[in-house]
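Novice: Just dropping this structure here.
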Amino acid sequence: KQRAGGGGVVVGKIMSRTDKLGRKTKPPPYKEEEMAKQTKIVRDTWAVVLEKVGYFELGGLFYDTIFAAQSGSDEDIAHVFTRSREEMSVKLVDMLSDIVALCGTPAKLHEKVASLSAMHMSKGVQASMMGPMGIILFSMMKECLGKEWTAEAKAAWHYVWEWLTKSMGLAMAAADESTNLVQSSWDIAMDNFTEEELGGMLYDTLLGIAPNLKQMFSRPRQVMVMKFVEMISTLVSFADDDKLMTEVVGWLGARHVKYGAKPHHVPVLSQVILTVMEQAVGEAWSDELETAWALLWNTACDKMMDAIRLGEQHGHVVEDIWAKLQSKMNGTALAEDIGSDTVRCLRKLHPGLVTQWTECYNEWELLETKRRKQRAQEKQGEMRDMALAQESTEESGVLAGGKGQTMTAGRKKRRNRLIDFSFRRMGSASQSGDEEDLGDGAASVMSGGAGLDSSRAFGLQIWELIEIVITHLWEPEVMNERLIVMANRFASFGLKVEHLPDFGSAIQSSIQKFLETPCSSCKSNDWTAQMGQAWWWMWGQVAQCLTKHLTSVEQRDSEICRKNWDEIKENKTSEEVGDAFFTELGRQAPHVIHLFQRPKKLQAYMWMQ
């Protein structure tokens with residue numbers, strides 16, 4: 001069959017959940033008599049715990065036990081509990097209460113678990129977390145019951161929890177199939193229509209449902225059409241990876257703040273996507289597909305609305321903080337002040353970091369000065385060559401046209417206007433010292449010399465960090481790229497993931513102190529509680545990026561990748577690697593396959609290089 005669309009491979013028809021499993025998910029097997037015996041003990045001990053501790057107090061104890069157990073543990077489950085202690089305490093005790101109430105009827109308990117599995121997946125919950133959660137639960141029960149936590153009670157809770165773990169595994173696997181349905185049906189849609197056609201259907205359907213949104217789309221229709229397809233392709237690609245989905249959709253939401261998008265605009269797209277997908281998939285469309293796509297968009301929708309809401313609430317406040325800082329004094333002096341206060345805070349908590357950062361920064365700055373000097377010299381050499389070539393060309397023209405006559409005053413004037421001899425001045429100036437402007441343009445807050453103290457070593461880097469964030473606040477992908485470079489540099493200065501909370505707090509404290517200083521004329525200060533909230537919203541994004549890449553450095557990922565790459569080159573030809581690359585590209589991002597127009601062997605070779 002000749003493909004009309006832009007990617008994916010369709011093998012047969014989309015199978016329903018029943019077709020795939022041969023049956024709908026059933027509860028894990030159990031013996032009724034044994035289950036009845038153990039669940040009675042569970043209910044009885046639960047009643048004793050509630051009597052001793054109290055319902056809401058038990059929820060708080062469970063929450064505290066989870067976070068206490070996670071300290072220094074390799075099993076990370078605390079990250080899924082994102083709300084406040086009060087909210088999560090109620091949810092946790094409600095969860096345990098439901099388990100106890102339904103454990104005597106396993107079929108109903110499994111049905112309850114299955115109904116929550118999609119929500120659990122969207123929150124990053126995995127079936128493998130049941131083991132650590134069980135250990136924490138048993139620890140809490142032992143603490144509450146004391147001597148009444150008998151071997152019999154312990155065995156009963158273990159029995160029910162093991163069965164519940166199996167139930168969770170089956171339910172999460174079934175929910176995961178929803179992701180497979182989405183990915184398979186997107187392949188069919190891309191097979192039936194070209195990217196331009198599919199994007200056009202999405203664009204036209206949206207404006208048909210909500211014509212008032214057209215004012216948000218300033219770009220031509222053909223550009224927006226491809227943007228729609230790229231957005232849906234991205235969501236489908238990351239449907240089975242909650243962390244990446246959260247990051248990418250967060251970026252998408254941040255970008256749309258700049259376009260004027262509001263949180264209430266996002267749900268409108270749900271009906272657009274379902275309508276278009278039903279048309280694009282055709283006869284293969286089913287209720288299960290509709291549910292799967294609704295789940296995908298609702299999951300993304302919640303994340304995107306949060307990103308837009310937070311961006312609207314905090315983004316412009318962060319920009320205001322930066323504007324107020326810049327209005328106070330020049331960049332270098334302000335950077336030193338911020339650096340001084342930051343160092344004062346960090347010396348108390350991480351003195352080793354301050355020492356290592358300062359020493360490594362000085363070494364880095366020396367290398368940077370040499371690099372800038374070399375770059376300036378190369379630029380001067382290029383300008384010199386161009387000037388001499390230009391002069392030679394003009395002299396040749398004079399000799400040819402005037403038979404050896406000297407240049408006229410007018411031609412001399414023209415030559416002087418065309419040739420830039422500034423490299424001679426720059427060349428002499430650059431010899432005077434490393435702290436001169438070495439030809440990279442206007443003097444920068446980053447152009448300090450060697451021998452900097454801790455205040456400047458921290459201040460200049462913090463200033464650059466904030467400047468990057470503010471400049472690219474509504475371009476999160478670009479911000480991420482720039483922060484990757486800074487993360488590698490900061491890692492070489494000794495910064496680790498464990499330092500980030502204190503690092504952010506120290507910077508915030510120094511900026512707050514600076515803006516809280518009363519104005520000499522109006523006697524008021526420029527810091528507000530809203531600014532504090534906005535700062536931590538911004539720092540959350542910065543810390544997320546730095547954490548990812550500092551962790552990579554700490555794990556020596558680059559060395560592992562380099563070793564793997566050398567092994568690949570030894571064992572595989574460029575054609576084999578190219579085939580693997582294009583296969584994966586087709587799976588992850590079929591909408592960009594059309595960009596690779598050259599012969600496959602040549603493309604594989606170029607990619608290897």
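Chain labels follow the order of the structure tokens: the first chain is A, the next B, and so on; residue numbering restarts at 1 in every chain, and ligands are counted from 1 in their shown order.
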Can you list, as a count of residues only, all residues belonging to range 514-594 of chain A that DSSP tags as helix (DSSP H, G or I)?

Specialist: 64

Novice: Which value, in Å to one decimal, gives the distance between CA of Met531 in chain A and CA of Glu498 in chain A?

Specialist: 24.6 Å

Novice: Considering only C-alpha atoms, can you say which of A:Ser233, A:Gln512, A:Glu148, A:Met277 comes closest to Thr205 in chain A?

Specialist: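 Checking each candidate against Thr205 in chain A, we get A:Met277 as the closest.
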
Novice: Glu34 in chain A: which residues within 10 Å, counting only C-alpha atoms, same-chain residues fewer than 5 positions away excluded, as a list in words?

Specialist: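 In the requested form, the answer reads Thr39, Ala156 and Tyr159 of chain A.
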
Novice: Could you dump the residues just selected with N, CA and C atoms as an mmCIF file, in the first residue's frame?

Specialist:
```cif
data_model
loop_
_atom_site.group_PDB
_atom_site.id
_atom_site.type_symbol
_atom_site.label_atom_id
_atom_site.label_comp_id
_atom_site.auth_asym_id
_atom_site.auth_seq_id
_atom_site.Cartn_x
_atom_site.Cartn_y
_atom_site.Cartn_z
ATOM 1 N N THR A 39 -8.843 -10.934 55.673
ATOM 2 C CA THR A 39 -9.449 -9.597 55.622
ATOM 3 C C THR A 39 -10.173 -9.249 56.912
ATOM 4 N N ALA A 156 -1.644 -11.124 58.049
ATOM 5 C CA ALA A 156 -2.888 -10.754 57.366
ATOM 6 C C ALA A 156 -2.682 -9.525 56.477
ATOM 7 N N TYR A 159 -0.652 -10.458 53.454
ATOM 8 C CA TYR A 159 -1.445 -11.237 52.497
ATOM 9 C C TYR A 159 -2.275 -10.305 51.617
#
```

Novice: Ranking A:Val343, A:Val469, A:Met386, A:Leu366 by minimum distance to Asp453 in chain A and counting only C-alpha atoms, which one comes first?

Specialist: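 Of A:Val343, A:Val469, A:Met386, A:Leu366, the one nearest Asp453 in chain A, counting only C-alpha atoms, is A:Val343.
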
Novice: Compile the contact shell of range 555-571 of chain A as a CSV table (one decimal) with N, CA and C atoms, in the first residue's frame: residues with an atom at most 10 Å away, counting only C-alpha atoms, same-chain residues fewer than 6 positions apart removed.

Specialist:
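Below is the file around_2.csv, written as the result:
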```csv
chain,number,residue,atom,x,y,z
A,549,HIS,N,20.9,17.8,34.6
A,549,HIS,CA,22.2,17.7,34.0
A,549,HIS,C,23.3,17.6,35.0
A,577,VAL,N,24.0,1.4,11.8
A,577,VAL,CA,23.6,2.4,12.8
A,577,VAL,C,22.6,3.4,12.2
A,608,MET,N,26.5,9.7,11.4
A,608,MET,CA,27.6,9.1,12.1
A,608,MET,C,28.7,10.1,12.4
```

Novice: Which is closest to Val248 in chain A among A:Glu368, A:Asp341, A:Glu86, A:Glu475, if we use only C-alpha atoms?

Specialist: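 Closest to Val248 in chain A of all the choices is A:Glu475.
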
Novice: Write out as a PyMOL selection string the residues lying within 8 Å of range 482-485 of chain A, counting only C-alpha atoms and excluding same-chain residues fewer than 4 positions away.

Specialist: chain A and resi 465+468+478+489+542+545-546+549

Novice: Quick one: residues within 12 Å of Glu196 in chain A, only C-alpha atoms counted, chain neighbours fewer than 4 positions away excluded, as a PDB file with N, CA and C atoms, in the first residue's frame?

Specialist:
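The resulting file, result_0.pdb, is reproduced below:
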```
ATOM      1  N   ALA A   4       0.277   7.706   2.285  1.00  0.00           N
ATOM      2  CA  ALA A   4       0.008   9.104   1.976  1.00  0.00           C
ATOM      3  C   ALA A   4       0.518  10.029   3.065  1.00  0.00           C
ATOM      4  N   GLY A   5       0.734   9.485   4.233  1.00  0.00           N
ATOM      5  CA  GLY A   5       1.056  10.331   5.386  1.00  0.00           C
ATOM      6  C   GLY A   5       2.528  10.423   5.684  1.00  0.00           C
ATOM      7  N   GLY A   6       2.804  10.909   6.914  1.00  0.00           N
ATOM      8  CA  GLY A   6       4.168  11.258   7.246  1.00  0.00           C
ATOM      9  C   GLY A   6       4.890  10.349   8.193  1.00  0.00           C
ATOM     10  N   MET A 190      -1.991   9.190  10.348  1.00  0.00           N
ATOM     11  CA  MET A 190      -0.891   9.673   9.520  1.00  0.00           C
ATOM     12  C   MET A 190      -0.779   8.878   8.228  1.00  0.00           C
ATOM     13  N   ASN A 192      -3.500   7.711   6.615  1.00  0.00           N
ATOM     14  CA  ASN A 192      -4.648   8.062   5.785  1.00  0.00           C
ATOM     15  C   ASN A 192      -4.578   9.483   5.233  1.00  0.00           C
ATOM     16  N   GLY A 200      -4.465  20.707   8.792  1.00  0.00           N
ATOM     17  CA  GLY A 200      -5.541  21.573   8.315  1.00  0.00           C
ATOM     18  C   GLY A 200      -6.877  21.219   8.938  1.00  0.00           C
ATOM     19  N   MET A 201      -7.127  19.921   9.100  1.00  0.00           N
ATOM     20  CA  MET A 201      -8.367  19.480   9.742  1.00  0.00           C
ATOM     21  C   MET A 201      -8.424  19.963  11.193  1.00  0.00           C
ATOM     22  N   LEU A 202      -7.301  19.850  11.910  1.00  0.00           N
ATOM     23  CA  LEU A 202      -7.253  20.311  13.297  1.00  0.00           C
ATOM     24  C   LEU A 202      -7.470  21.822  13.387  1.00  0.00           C
ATOM     25  N   TYR A 203      -6.775  22.556  12.522  1.00  0.00           N
ATOM     26  CA  TYR A 203      -6.858  24.021  12.531  1.00  0.00           C
ATOM     27  C   TYR A 203      -8.275  24.492  12.210  1.00  0.00           C
ATOM     28  N   ASP A 204      -8.854  23.952  11.136  1.00  0.00           N
ATOM     29  CA  ASP A 204     -10.189  24.389  10.700  1.00  0.00           C
ATOM     30  C   ASP A 204     -11.265  23.993  11.700  1.00  0.00           C
ATOM     31  N   ARG A 221      -1.544  30.360   7.908  1.00  0.00           N
ATOM     32  CA  ARG A 221      -2.240  29.101   8.143  1.00  0.00           C
ATOM     33  C   ARG A 221      -1.327  27.897   7.928  1.00  0.00           C
ATOM     34  N   GLN A 222      -0.509  27.917   6.877  1.00  0.00           N
ATOM     35  CA  GLN A 222       0.332  26.755   6.595  1.00  0.00           C
ATOM     36  C   GLN A 222       1.337  26.484   7.700  1.00  0.00           C
ATOM     37  N   VAL A 223       1.781  27.549   8.398  1.00  0.00           N
ATOM     38  CA  VAL A 223       2.699  27.371   9.525  1.00  0.00           C
ATOM     39  C   VAL A 223       1.950  26.777  10.712  1.00  0.00           C
ATOM     40  N   MET A 224       0.768  27.310  11.019  1.00  0.00           N
ATOM     41  CA  MET A 224      -0.008  26.830  12.166  1.00  0.00           C
ATOM     42  C   MET A 224      -0.456  25.389  11.959  1.00  0.00           C
ATOM     43  N   VAL A 225      -0.736  25.027  10.721  1.00  0.00           N
ATOM     44  CA  VAL A 225      -1.136  23.654  10.406  1.00  0.00           C
ATOM     45  C   VAL A 225      -0.055  22.670  10.861  1.00  0.00           C
ATOM     46  N   MET A 226       1.192  22.961  10.521  1.00  0.00           N
ATOM     47  CA  MET A 226       2.295  22.073  10.900  1.00  0.00           C
ATOM     48  C   MET A 226       2.544  22.119  12.407  1.00  0.00           C
ATOM     49  N   LYS A 227       2.296  23.271  13.038  1.00  0.00           N
ATOM     50  CA  LYS A 227       2.466  23.372  14.484  1.00  0.00           C
ATOM     51  C   LYS A 227       1.490  22.448  15.208  1.00  0.00           C
ATOM     52  N   PHE A 228       0.265  22.370  14.702  1.00  0.00           N
ATOM     53  CA  PHE A 228      -0.732  21.494  15.311  1.00  0.00           C
ATOM     54  C   PHE A 228      -0.303  20.038  15.225  1.00  0.00           C
ATOM     55  N   VAL A 229       0.188  19.628  14.065  1.00  0.00           N
ATOM     56  CA  VAL A 229       0.613  18.236  13.896  1.00  0.00           C
ATOM     57  C   VAL A 229       1.811  17.934  14.794  1.00  0.00           C
ATOM     58  N   GLU A 230       2.752  18.858  14.871  1.00  0.00           N
ATOM     59  CA  GLU A 230       3.919  18.654  15.732  1.00  0.00           C
ATOM     60  C   GLU A 230       3.506  18.519  17.198  1.00  0.00           C
ATOM     61  N   HIS A 591       6.808  12.831  12.137  1.00  0.00           N
ATOM     62  CA  HIS A 591       6.497  14.049  11.402  1.00  0.00           C
ATOM     63  C   HIS A 591       7.733  14.747  10.849  1.00  0.00           C
TER      64      HIS A 591
END
```

Novice: For each of A:Glu477, A:Gly578, A:Met329, A:Thr165, take the minimum atom-to-atom distance to Gly253 in chain A, counting only C-alpha atoms, then give the residue where this is smallest.

Specialist: A:Glu477

Novice: Looking at A:Thr342, A:Trp364, A:Ile466, A:Glu481, which one is nearest to Lys513 in chain A, with distances taken over only C-alpha atoms?

Specialist: A:Thr342

Novice: What is the CA of Ser574 in chain A to CA of Gln597 in chain A distance in Å?

Specialist: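 CA of Gln597 in chain A lies 17.6 Å from CA of Ser574 in chain A.
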
Novice: Write out as JSON, numbers by chain which residues come within 12 Å of Ser454 in chain A when counting only C-alpha atoms, dropping same-chain ones fewer than 2 positions away.

Specialist: {"A": [335, 336, 337, 338, 339, 340, 341, 342, 343, 344, 346, 347, 351, 353, 354, 355, 356, 357, 358, 359, 360, 361, 362, 450, 451, 452, 456, 457, 458, 459, 460, 461, 493]}

Novice: With N, CA and C atoms retained, write the just-selected residues as an mmCIF file, in the first residue's frame.

Specialist:
```cif
data_model
loop_
_atom_site.group_PDB
_atom_site.id
_atom_site.type_symbol
_atom_site.label_atom_id
_atom_site.label_comp_id
_atom_site.auth_asym_id
_atom_site.auth_seq_id
_atom_site.Cartn_x
_atom_site.Cartn_y
_atom_site.Cartn_z
ATOM 1 N N ALA A 335 26.013 42.706 40.586
ATOM 2 C CA ALA A 335 26.385 41.288 40.615
ATOM 3 C C ALA A 335 27.292 40.999 41.801
ATOM 4 N N GLU A 336 28.240 41.900 42.069
ATOM 5 C CA GLU A 336 29.141 41.705 43.210
ATOM 6 C C GLU A 336 28.382 41.754 44.528
ATOM 7 N N ASP A 337 27.402 42.668 44.642
ATOM 8 C CA ASP A 337 26.615 42.758 45.877
ATOM 9 C C ASP A 337 25.812 41.478 46.100
ATOM 10 N N ILE A 338 25.172 40.995 45.035
ATOM 11 C CA ILE A 338 24.398 39.761 45.141
ATOM 12 C C ILE A 338 25.320 38.596 45.474
ATOM 13 N N GLY A 339 26.488 38.575 44.831
ATOM 14 C CA GLY A 339 27.454 37.523 45.105
ATOM 15 C C GLY A 339 27.930 37.546 46.547
ATOM 16 N N SER A 340 28.147 38.746 47.090
ATOM 17 C CA SER A 340 28.628 38.875 48.462
ATOM 18 C C SER A 340 27.634 38.296 49.458
ATOM 19 N N ASP A 341 26.353 38.635 49.306
ATOM 20 C CA ASP A 341 25.334 38.114 50.218
ATOM 21 C C ASP A 341 25.125 36.619 50.020
ATOM 22 N N THR A 342 25.188 36.159 48.772
ATOM 23 C CA THR A 342 25.027 34.734 48.496
ATOM 24 C C THR A 342 26.141 33.930 49.157
ATOM 25 N N VAL A 343 27.371 34.417 49.037
ATOM 26 C CA VAL A 343 28.520 33.741 49.645
ATOM 27 C C VAL A 343 28.373 33.714 51.164
ATOM 28 N N ARG A 344 27.886 34.815 51.735
ATOM 29 C CA ARG A 344 27.721 34.881 53.187
ATOM 30 C C ARG A 344 26.749 33.778 53.665
ATOM 31 N N LEU A 346 26.017 30.924 51.947
ATOM 32 C CA LEU A 346 26.521 29.591 51.623
ATOM 33 C C LEU A 346 27.699 29.177 52.491
ATOM 34 N N ARG A 347 28.475 30.145 52.985
ATOM 35 C CA ARG A 347 29.618 29.797 53.843
ATOM 36 C C ARG A 347 29.158 29.036 55.092
ATOM 37 N N PRO A 351 30.616 25.507 53.152
ATOM 38 C CA PRO A 351 31.894 26.241 53.004
ATOM 39 C C PRO A 351 32.804 25.639 51.947
ATOM 40 N N LEU A 353 31.920 24.292 49.157
ATOM 41 C CA LEU A 353 31.459 24.733 47.842
ATOM 42 C C LEU A 353 31.997 26.120 47.524
ATOM 43 N N VAL A 354 31.952 27.031 48.505
ATOM 44 C CA VAL A 354 32.443 28.400 48.281
ATOM 45 C C VAL A 354 33.917 28.380 47.898
ATOM 46 N N THR A 355 34.705 27.591 48.623
ATOM 47 C CA THR A 355 36.152 27.526 48.348
ATOM 48 C C THR A 355 36.414 26.948 46.966
ATOM 49 N N GLN A 356 35.787 25.802 46.668
ATOM 50 C CA GLN A 356 36.033 25.144 45.380
ATOM 51 C C GLN A 356 35.542 25.999 44.220
ATOM 52 N N TRP A 357 34.359 26.599 44.370
ATOM 53 C CA TRP A 357 33.794 27.443 43.309
ATOM 54 C C TRP A 357 34.751 28.582 42.977
ATOM 55 N N THR A 358 35.255 29.257 44.017
ATOM 56 C CA THR A 358 36.126 30.415 43.793
ATOM 57 C C THR A 358 37.413 30.015 43.096
ATOM 58 N N GLU A 359 38.043 28.935 43.565
ATOM 59 C CA GLU A 359 39.289 28.476 42.955
ATOM 60 C C GLU A 359 39.071 28.053 41.505
ATOM 61 N N CYS A 360 38.035 27.264 41.273
ATOM 62 C CA CYS A 360 37.779 26.760 39.918
ATOM 63 C C CYS A 360 37.340 27.878 38.988
ATOM 64 N N TYR A 361 36.595 28.853 39.537
ATOM 65 C CA TYR A 361 36.171 29.969 38.700
ATOM 66 C C TYR A 361 37.376 30.763 38.215
ATOM 67 N N ASN A 362 38.323 31.014 39.110
ATOM 68 C CA ASN A 362 39.513 31.777 38.720
ATOM 69 C C ASN A 362 40.272 31.074 37.603
ATOM 70 N N ALA A 450 41.512 37.936 36.074
ATOM 71 C CA ALA A 450 41.832 36.836 36.970
ATOM 72 C C ALA A 450 41.918 37.337 38.401
ATOM 73 N N GLY A 451 41.980 36.398 39.343
ATOM 74 C CA GLY A 451 42.147 36.742 40.744
ATOM 75 C C GLY A 451 40.897 37.258 41.412
ATOM 76 N N LEU A 452 39.729 36.884 40.908
ATOM 77 C CA LEU A 452 38.490 37.367 41.480
ATOM 78 C C LEU A 452 38.262 36.759 42.856
ATOM 79 N N ARG A 456 32.708 38.088 43.607
ATOM 80 C CA ARG A 456 32.622 38.273 42.162
ATOM 81 C C ARG A 456 32.495 36.936 41.454
ATOM 82 N N ALA A 457 33.179 35.914 41.969
ATOM 83 C CA ALA A 457 33.111 34.595 41.337
ATOM 84 C C ALA A 457 31.677 34.073 41.325
ATOM 85 N N PHE A 458 30.960 34.258 42.428
ATOM 86 C CA PHE A 458 29.559 33.843 42.480
ATOM 87 C C PHE A 458 28.656 34.861 41.787
ATOM 88 N N GLY A 459 28.889 36.150 42.059
ATOM 89 C CA GLY A 459 27.997 37.186 41.562
ATOM 90 C C GLY A 459 27.888 37.231 40.054
ATOM 91 N N LEU A 460 29.018 37.159 39.357
ATOM 92 C CA LEU A 460 28.995 37.225 37.904
ATOM 93 C C LEU A 460 28.258 36.033 37.290
ATOM 94 N N GLN A 461 28.449 34.858 37.883
ATOM 95 C CA GLN A 461 27.780 33.670 37.358
ATOM 96 C C GLN A 461 26.281 33.692 37.650
ATOM 97 N N PHE A 493 32.648 23.716 38.898
ATOM 98 C CA PHE A 493 32.926 24.582 40.046
ATOM 99 C C PHE A 493 32.605 23.890 41.370
#
```
